[in-house]
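Reading through the structure tokens given below for one structure.
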Amino acid sequence: MNRSLALALFFLSFLVQLQAQDKGFGSLKGFVHSEKGEALPGATISLKKGAATTADEKGNFLLSSIPAGHHEIQVSAAGYATKNIKVNIREGEESSVDVSLDAEGFLNEVVVTAGRKVESIREVPSSVTILQAKQIREQAAINPNITSILGNTVPGLGTFTNKATNSGQTLRGRQVLVLIDGIPQSTPLMNGSRDLRTIDPAVIERVEVIKGATSIYGNGSGGGIINFITKKPEGSKPISGETRISMDGNIAHSSNTVGYRVSQTLHGAIKKFSYVVSGVYNETGALKDADGNVIAQADGLSETRLLNLFGKLGYRITDNQEITASINFFRSRQHADYINQAGKWNETPAIGVRGIDPGDPAGTPHSHNLYVNYRATKLPFNSSLEVMLYDHRFQSLNRYVEKSNSWYGPGQTYIQSEKRGIRANLNTPWKWKKISGDITYGFDLLKDMTNQVLTDGRVFVPDMNMLNMAPFAQMKVDIMNFVIKGGVRYENAGIKVKDFNTIAKGKNGEGSVFVKGGKLNYNSTMWNAGIRYSKFNFFNPFVSFSQAFGLNELGRILRSATENTLDQITTDAVITNNYEAGFSSQIGPVNIQAAYFVSTSKLGANLVEQNGMFVTQREPERIHGYEVQAEARITKGVRVGGSYSYVEGKTEKEDGTKVYMNGERIMPPKATGFIAYQPFSALNMQLSTVYTGSRNRFVVRPDTGKFGLSEAPVEEVIWFNFNAGYRINKSFNIGLGIENLFNQSYYPPRSQYRAADLEYVQGNGARFNLSLGYQF
């Protein structure tokens, strides 16, 4: 690790010291901004016959070594119309230009995650969903839980489960890799299903969801990537910010349900320094369903206490170099006065009754990210460099159980994960005659230690120490309105496991198996390729193929081992192949996106119940589905939109029989819709809905006469939400959100398909969220 770090820093220093020595040429500097005067960082500036560059975070750019004479430059930025400008370059002189771009539509919206660099959606041959700050704030006014926000807005993602975990919230039927500013939050070696809920919406600037298998960020992205991009400093004043306080509770049955939330954000710039700091504290009251019953499901969100502390500090070394340091700390635990009382599946709901849980408060005791990021531009060949060093530490505490099928006696488990790594990538633009493009290349180095133990000291999953080195390269070619992209990534992972004993399932160590440790080695080459045709806004089609590498559920495989040596256990990686075709369309005020996909893996990691517990089935898998999303501006103050997504999947047994996957992986069809009304600039209102369809793929098991876990039929559900915001004046604003507007009694899809008496809970009844904000 230390040697790799030294080499990376040496390489960085070498590149920064290089300087172009072209003589007899001129240069061009400039400022790119919107029609409102706001800087447009990441804007692309290119000579019609020559080099290209991008604007820095202040919208400034510099093109050096331009032959003297008349030239035409093209300036483009995500979300803005491209502009061509003629300039005259004089030998030995630095010319300047001021470029104002007009706002345009959806197809030029910026995305960073897809290619590890700033690019517009029209350059990405895959399905992308972006949640901007405005959308996040509107949805957070209804329910500030990030899993609710994503479940209500992202096609292909499972709906909100009202739990602190995101079990069942797969993306296109597969696990998703969760990132914060590019730092992996997921624990694929032992999936704790708490990775989505490791940050509060108050510190998120935007969310980028890249769908389909992708190896661009490494292990665990079989279904895609969700990248939470945190807030950056705004404005040029030394200090400004926002204070927001809110309260929430059940509208029809308010007793013991009222909670509160306080957040404070400060940001500013002082000379070459910029900063943003934020703190959020949220205490939730008891959650109740539409009938007034307390929802006290284990690992739920009732009576939780959340703390999120965030800070980011930037320093501009020169006009071409910047360093950023950031830290994010998140904690959420359930301190409940109610315990769950089992209901009767398909008859009566599980409800909360007064009582004390004998275990420690479940949830996420801590999750923190710390990183230092260095960026340099205007390197030789107009290259840019980015290097990030990060440290992520995470712990999730599961609920206490009196009895388990997995171990003897009562117990409470927690997953621990420590990750340290380096991400380094260079981007070099190029141009040859009428063909242009760029190359992004670099490496990722990750050291990951994950285990799962019980609070009484017993080891459930032994230490899994992984060292993963992955070089990669991605190339883009722009030719005749076609954007062609392709890339390769080489995964080289080694996991060391010491000798261990599987956990006993009976008295005196009964059922424990000794397993001799060793090292597991994985070497795989992942490929991706895609093409998009971007000439016409009304039809912008793409096709793509991509692969992903995953060591999903390795810990689950180890803890249920029946062999005595590590190399006898089937621990092969999951290689996912994703085939996709789709299009984006912008016709006047109407935006449409649609895609069809097929996702396969020769050796999957499907979870199926056996004797009351999930075991991993290593079988071939095939998942397919489609998504459609549309939005239109009806009048100046009215917008409407909606989406529909469908996913289905099967595994293949040894005898060739194909069997449907259960609800843990495959969600029922989902549709969303909204109508937004802004009668005048200070007031906006929105009515939205979420619909989940039916799914009935299994029959009762003959040996028990009951449905297996996550195999029960699901009936359709629909609920409505409302949110409104009003700006009182320049400083004050108020917000109102109502979840389940019509106080409907319903069972979320997960409560239905689980077929478990303890988990047969209803969804939230009508809840309000009233907030007051002060900006300065």
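Quick note on naming: the chains in the structure tokens go A, B, ... in the order shown, residues restart at 1 in each chain, and ligands are numbered from 1 in order of appearance.
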(request) Find the spatial neighbours of Leu313 of chain A, counting only C-alpha atoms, within a cut-off of 10 Å - ignore same-chain residues fewer than 3 positions away - and output them as an MDAnalysis selection string. (result) chainID A and resid 232:233 267:269 273:277 323:327 372
Write a file of the selected residues as a CSV table (one decimal), in the first residue's frame, keeping N, CA and C atoms.
chain,number,residue,atom,x,y,z
A,232,LYS,N,-20.9,21.3,-2.6
A,232,LYS,CA,-19.6,22.1,-2.7
A,232,LYS,C,-19.9,23.5,-2.3
A,233,PRO,N,-18.8,24.3,-2.0
A,233,PRO,CA,-19.0,25.7,-1.5
A,233,PRO,C,-19.7,26.5,-2.6
A,267,HIS,N,-21.2,27.9,4.4
A,267,HIS,CA,-20.2,27.8,3.3
A,267,HIS,C,-19.7,29.2,2.9
A,268,GLY,N,-18.5,29.2,2.3
A,268,GLY,CA,-17.9,30.5,1.9
A,268,GLY,C,-16.6,30.3,1.2
A,269,ALA,N,-16.0,31.4,0.9
A,269,ALA,CA,-14.7,31.4,0.2
A,269,ALA,C,-13.9,32.6,0.8
A,273,PHE,N,-9.1,29.7,-0.4
A,273,PHE,CA,-9.8,28.7,0.4
A,273,PHE,C,-11.3,28.8,0.1
A,274,SER,N,-11.9,27.6,0.1
A,274,SER,CA,-13.4,27.5,0.1
A,274,SER,C,-13.8,26.4,1.0
A,275,TYR,N,-15.0,26.5,1.6
A,275,TYR,CA,-15.4,25.5,2.5
A,275,TYR,C,-16.9,25.4,2.5
A,276,VAL,N,-17.4,24.2,3.1
A,276,VAL,CA,-18.8,24.0,3.4
A,276,VAL,C,-18.8,23.0,4.6
A,277,VAL,N,-19.6,23.3,5.6
A,277,VAL,CA,-19.7,22.5,6.8
A,277,VAL,C,-21.2,22.3,7.0
A,323,ILE,N,-6.7,21.2,-4.4
A,323,ILE,CA,-6.8,20.1,-3.4
A,323,ILE,C,-8.0,20.2,-2.6
A,324,THR,N,-8.7,19.1,-2.3
A,324,THR,CA,-9.9,19.2,-1.6
A,324,THR,C,-9.9,18.1,-0.5
A,325,ALA,N,-10.3,18.4,0.7
A,325,ALA,CA,-10.4,17.4,1.8
A,325,ALA,C,-11.8,17.4,2.3
A,326,SER,N,-12.3,16.2,2.6
A,326,SER,CA,-13.7,16.1,3.0
A,326,SER,C,-13.9,15.0,4.0
A,327,ILE,N,-14.8,15.2,4.9
A,327,ILE,CA,-15.2,14.1,5.9
A,327,ILE,C,-16.7,14.1,6.1
A,372,VAL,N,-8.9,12.9,0.6
A,372,VAL,CA,-8.1,14.0,0.1
A,372,VAL,C,-8.0,13.8,-1.4
Using only C-alpha atoms, find each residue of segment 536-635 of chain A with at least one atom at most 8 Å away from an atom of segment 457-471 of chain A; report its shortest atom-to-atom pair and that distance in Å (one decimal), sort the rows by chain and rising residue number, and return the result as JSON lines.
{"residue": "A:Gly555", "atom": "CA", "partner": "A:Val461", "partner_atom": "CA", "distance": 5.8}
{"residue": "A:Arg556", "atom": "CA", "partner": "A:Val461", "partner_atom": "CA", "distance": 7.5}
{"residue": "A:Leu558", "atom": "CA", "partner": "A:Val461", "partner_atom": "CA", "distance": 6.8}
{"residue": "A:Arg559", "atom": "CA", "partner": "A:Val461", "partner_atom": "CA", "distance": 5.3}
(message) Just want the 12 Å neighbourhood of Lys498 of chain A, counted on only C-alpha atoms, with same-chain residues fewer than 2 positions away dropped. Output as number ranges by chain.
(response) A: 451, 461-465, 495-496, 500-501, 514-520, 558, 565-566
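For segment 677-691 of chain A, the residues within 7 Å (counting only C-alpha atoms, excluding itself and residues fewer than 5 positions away along the chain) are Asn152, Gly637, Val638, Arg639, Lys670, Ala671, Thr672, Val717, Ile718, Trp719, Phe720, Asn721, Phe722, Asn723, Ala724, Gly725, Tyr726 and Arg727 of chain A.
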Each residue of segment 71-119 of chain A lying at most 12 Å from segment 379-391 of chain A should get a row with its shortest atom-to-atom pair and the distance in Å to one decimal, counting only C-alpha atoms; could you produce that, ordered by chain and increasing number, as CSV?
residue,atom,partner,partner_atom,distance
A:Arg116,CA,A:Glu386,CA,9.7
A:Lys117,CA,A:Glu386,CA,9.6
A:Val118,CA,A:Ser384,CA,11.6
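Scanning segment 78-316 of chain A with DSSP on the backbone, the helix (DSSP H, G or I) assignments fall on A:Phe106, A:Leu107, A:Asn108, A:Ile121, A:Arg122, A:Glu123, A:Ala133, A:Lys134, A:Gln135, A:Ile136, A:Arg137, A:Glu138, A:Gln139, A:Ala140, A:Ile146, A:Thr147, A:Ser148, A:Ile149, A:Leu150, A:Gly151, A:Asn152, A:Thr153, A:Pro201, A:Ala202, A:Val203.
As for atom CA of Val176 of chain A and atom CA of Gly223 of chain A, they are spaced 5.0 Å apart.
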Any idea what's packed within 6 Å of Gly506 of chain A, counting only C-alpha atoms, ignoring anything in its chain fewer than 2 positions away? Could you give it as a compact mmCIF listing (two decimals) with N, CA and C atoms, in the first residue's frame?
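And here's around_1.txt as it stands now:
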# COMPACT_ATOMS: atom_id res chain seq x y z
N TYR A 408 -26.45 -21.06 17.91
CA TYR A 408 -27.10 -21.56 19.13
C TYR A 408 -27.37 -20.41 20.11
N ALA A 504 -21.21 -22.51 16.00
CA ALA A 504 -21.93 -23.69 16.47
C ALA A 504 -23.43 -23.47 16.42
N GLU A 510 -21.70 -28.08 18.91
CA GLU A 510 -22.34 -28.96 17.95
C GLU A 510 -22.61 -28.24 16.62
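The nearest approach to Ser745 of chain A among the residues A:Ala766, A:Lys83, A:Pro67, A:Ser167, with only C-alpha atoms taken into account, belongs to A:Ala766.
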(request) With a distance cut-off of 12 Å and only C-alpha atoms, select the neighbouring residues of Ser534 of chain A, excluding the residue or stretch itself and same-chain residues fewer than 6 positions from it, and output the selection as an NGL selection string. (result) :A and (107-108 or 120-125 or 478-484 or 540-542 or 583-586)
Same residues, C-alpha atoms, saved as an mmCIF file, in the first residue's frame:
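out-v3.cif was written with the following content:
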data_model
loop_
_atom_site.group_PDB
_atom_site.id
_atom_site.type_symbol
_atom_site.label_atom_id
_atom_site.label_comp_id
_atom_site.auth_asym_id
_atom_site.auth_seq_id
_atom_site.Cartn_x
_atom_site.Cartn_y
_atom_site.Cartn_z
ATOM 1 C CA LEU A 107 -29.963 15.725 -23.319
ATOM 2 C CA ASN A 108 -27.064 17.967 -22.303
ATOM 3 C CA SER A 120 -23.285 15.164 -20.980
ATOM 4 C CA ILE A 121 -25.937 12.450 -21.052
ATOM 5 C CA ARG A 122 -25.858 12.486 -24.859
ATOM 6 C CA GLU A 123 -22.304 11.097 -24.588
ATOM 7 C CA VAL A 124 -23.274 8.153 -22.349
ATOM 8 C CA PRO A 125 -24.493 4.949 -24.061
ATOM 9 C CA ASP A 478 -16.786 11.418 -31.624
ATOM 10 C CA ILE A 479 -17.310 10.932 -35.342
ATOM 11 C CA MET A 480 -20.142 12.086 -37.602
ATOM 12 C CA ASN A 481 -22.577 12.542 -34.704
ATOM 13 C CA PHE A 482 -21.764 9.098 -33.318
ATOM 14 C CA VAL A 483 -20.318 8.776 -29.818
ATOM 15 C CA ILE A 484 -18.443 5.489 -29.527
ATOM 16 C CA ASN A 540 -31.017 9.914 -29.489
ATOM 17 C CA PRO A 541 -30.571 6.102 -29.525
ATOM 18 C CA PHE A 542 -27.883 3.914 -27.948
ATOM 19 C CA PHE A 583 -33.086 6.108 -26.514
ATOM 20 C CA SER A 584 -33.626 9.610 -25.205
ATOM 21 C CA SER A 585 -35.917 12.061 -26.910
ATOM 22 C CA GLN A 586 -36.494 15.773 -26.539
#
Would you give me, as a Markdown table, each residue of segment 175-194 of chain A having an atom within 12 Å of an atom of segment 544-554 of chain A, along with its shortest atom pair and that distance in Å to one decimal, using only C-alpha atoms and sorting by chain and residue number?
| residue | atom | partner | partner_atom | distance |
| --- | --- | --- | --- | --- |
| A:Gln175 | CA | A:Asn552 | CA | 8.4 |
| A:Val176 | CA | A:Gly550 | CA | 10.5 |
| A:Leu177 | CA | A:Gly550 | CA | 9.9 |
| A:Ser186 | CA | A:Asn552 | CA | 10.4 |
| A:Thr187 | CA | A:Asn552 | CA | 8.7 |
| A:Pro188 | CA | A:Asn552 | CA | 5.0 |
| A:Leu189 | CA | A:Leu554 | CA | 5.2 |
| A:Met190 | CA | A:Glu553 | CA | 5.3 |
| A:Asn191 | CA | A:Glu553 | CA | 6.2 |
| A:Gly192 | CA | A:Glu553 | CA | 9.6 |
| A:Ser193 | CA | A:Glu553 | CA | 11.2 |
(message) I need the residues in segment 198-317 of chain A that are strand (DSSP E or B) according to DSSP; give them as a PyMOL selection string.
(response) chain A and resi 204-211+224-230+240-250+259-270+273-283+288+294+300+304-317
Would you list the contacts of Ala594 of chain A as an mmCIF file with C-alpha atoms, in the first residue's frame, taking every protein, DNA or RNA residue within 6 Å and counting only C-alpha atoms, but skipping same-chain residues closer than 4 positions in sequence?
data_model
loop_
_atom_site.group_PDB
_atom_site.id
_atom_site.type_symbol
_atom_site.label_atom_id
_atom_site.label_comp_id
_atom_site.auth_asym_id
_atom_site.auth_seq_id
_atom_site.Cartn_x
_atom_site.Cartn_y
_atom_site.Cartn_z
ATOM 1 C CA GLY A 582 -32.586 2.509 -25.534
ATOM 2 C CA PHE A 583 -33.086 6.108 -26.514
ATOM 3 C CA GLU A 627 -38.033 1.195 -18.289
ATOM 4 C CA VAL A 628 -39.894 4.192 -19.681
#
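Between atom CA of Phe768 of chain A and atom CA of Ile738 of chain A the interatomic distance comes to 4.5 Å.
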